[in-house]
Each structure stands twice: as C-alpha cells, then as structure tokens.
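To keep things clear, I will list the structure first and then write my remarks on it.
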Amino acid sequence: MTVIHTGSGKMTYKAVRRAMGRQPYTMSLTDTTEIRAVVEAVNQGIDGHLEACFCPDRGDSYEGGERKVGKLVLCRSLDCTVSVESLPVLLRRLFELDTTDDVADAATSLGGDILMTLGFDEYGQFVGREALALD
C-alpha cells in the first residue's frame with residue numbers, strides 16, 4: 001500500500017482513487033511555477049516506486065495551451081487530464097519534488113489544492129467536498 005506524505009498528513013493511493021469517484025482529474029494551470037512543478041514531476045518517467053503518471057493509454061494528457069482574447073495571448077497554460085490510476089502518483093511526486101525552493105513550494109501548494117478539491121482536509125483526512133466548501 002503506497003502512501004502520500006503531505007508534510008502535515010498522509011493518505012493512501014486507494015483513498016485518493018476512491019475520492020475521485022472513477023473520474024479523471026482535470027485542471028488547467030496558468031501559474032508558470034506550478035506548470036514547472038507538474039512538468040518536473042511528470043518528466044521523471046518511471047520512478048523508484050516503478051510508477052509513472054503519464055500513461056496516454058490510461059487517458060493521461062498534459063498539453064500546453066494559451067489563453068487569448070482575440071489574437072492577444074494573455075498567458076500560457078498547461079491543460080491536464082489525469083487518470084484515476086495516475087493522480088496518486090502525481091500527487092506523491094509533487095509532495096516529494098526536490099528542486100528549487102519556488103518550484104518545490106508551488107508543487108506542495110498545488111498538491112494540497114488538488115487534495116482539497118477531492119475532499120481531503122489539511123491533515124490528509126477525507127471529510128468530503130461539502131465539508132470544505134467555502135461560504
């Protein structure tokens with residue numbers, strides 16, 4: 001059983017997959033530091049855990065894009081679709097990323113944000129999305 005350590009809590013791959021409800025996780029990133037963090041995490045290929053988080057046959061997709069108004073490019077984006085099998089691996093890698101401080105900080109923050117959208121609190125406990133809704 002593989003565990004994701006967040007720094008303030010931990011959860012299993014199984015708990016993350018259950019929280020996903022059999023649906024791929026989609027996100028569109030525009031922050032360049034978060035994009036770098038995801039690219040570094042994905043580009044590790046098969047890691048020491050013998051796991052990968054970019055498997056197109058599972059439906060994983062990481063595509064560069066642009067946000068535009070007319071012909072004016074406002075920013076670049078990374079549009080991600082991450083399968084149920086791959087998201088726990090991506091999360092573990094984001095929390096374990098050993099790189100420059102700003103990228104590591106962005107990776108940890110992004111990992112926490114992803115977990116919050118799935119219904120995990122800051123301690124790694126699944127409380128449900130409704131419990132974390134902001135009024």
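FYI, nothing fancy with the structure tokens labels: chains A, B, ... in order, residues from 1 per chain, ligands from 1 as they appear.
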
Test item, helix (DSSP H, G or I) assignment across chain A, answer as number ranges by chain:
A: 13-20, 32-42, 56-58, 87-96, 101-118, 130-132

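Around A:Lys10, within 9 Å and counting only C-alpha atoms, the residues found are Val3, Ile4, Tyr123, Gly124 and Gln125 of chain A, once anything fewer than 6 positions away on its own chain is removed.
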
Distance query A:Asp105 at most 12 Å, only C-alpha atoms, self and fewer than 3 positions along chain excluded, as a list in words
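Contacts, in chain order: Thr6, Gly7, Thr33, Glu34, Arg36, Ala37, Leu94, Phe95, Glu96, Leu97, Asp98, Thr99, Thr100, Asp101, Asp102, Thr108, Ser109, Leu110, Gly111 and Gly112 of chain A.
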
Name all residues at most 9 Å from A:Ala52 (count only C-alpha atoms; drop same-chain ones fewer than 4 positions away) and give them as a PyMOL selection string.
chain A and resi 42+44-47+86+89-90

Pick from A:Ala41, A:Leu74, A:Leu50, A:Cys55, whichever lies nearest to A:Arg92 using only C-alpha atoms:
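Among A:Ala41, A:Leu74, A:Leu50, A:Cys55, it is A:Ala41 that comes nearest to A:Arg92.
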
Using only C-alpha atoms, which of the listed residues (A:Val127, A:Leu29, A:Ala107, A:Val38) sits closest to A:Ala15?
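Under the stated criterion, the closest residue is A:Val127.
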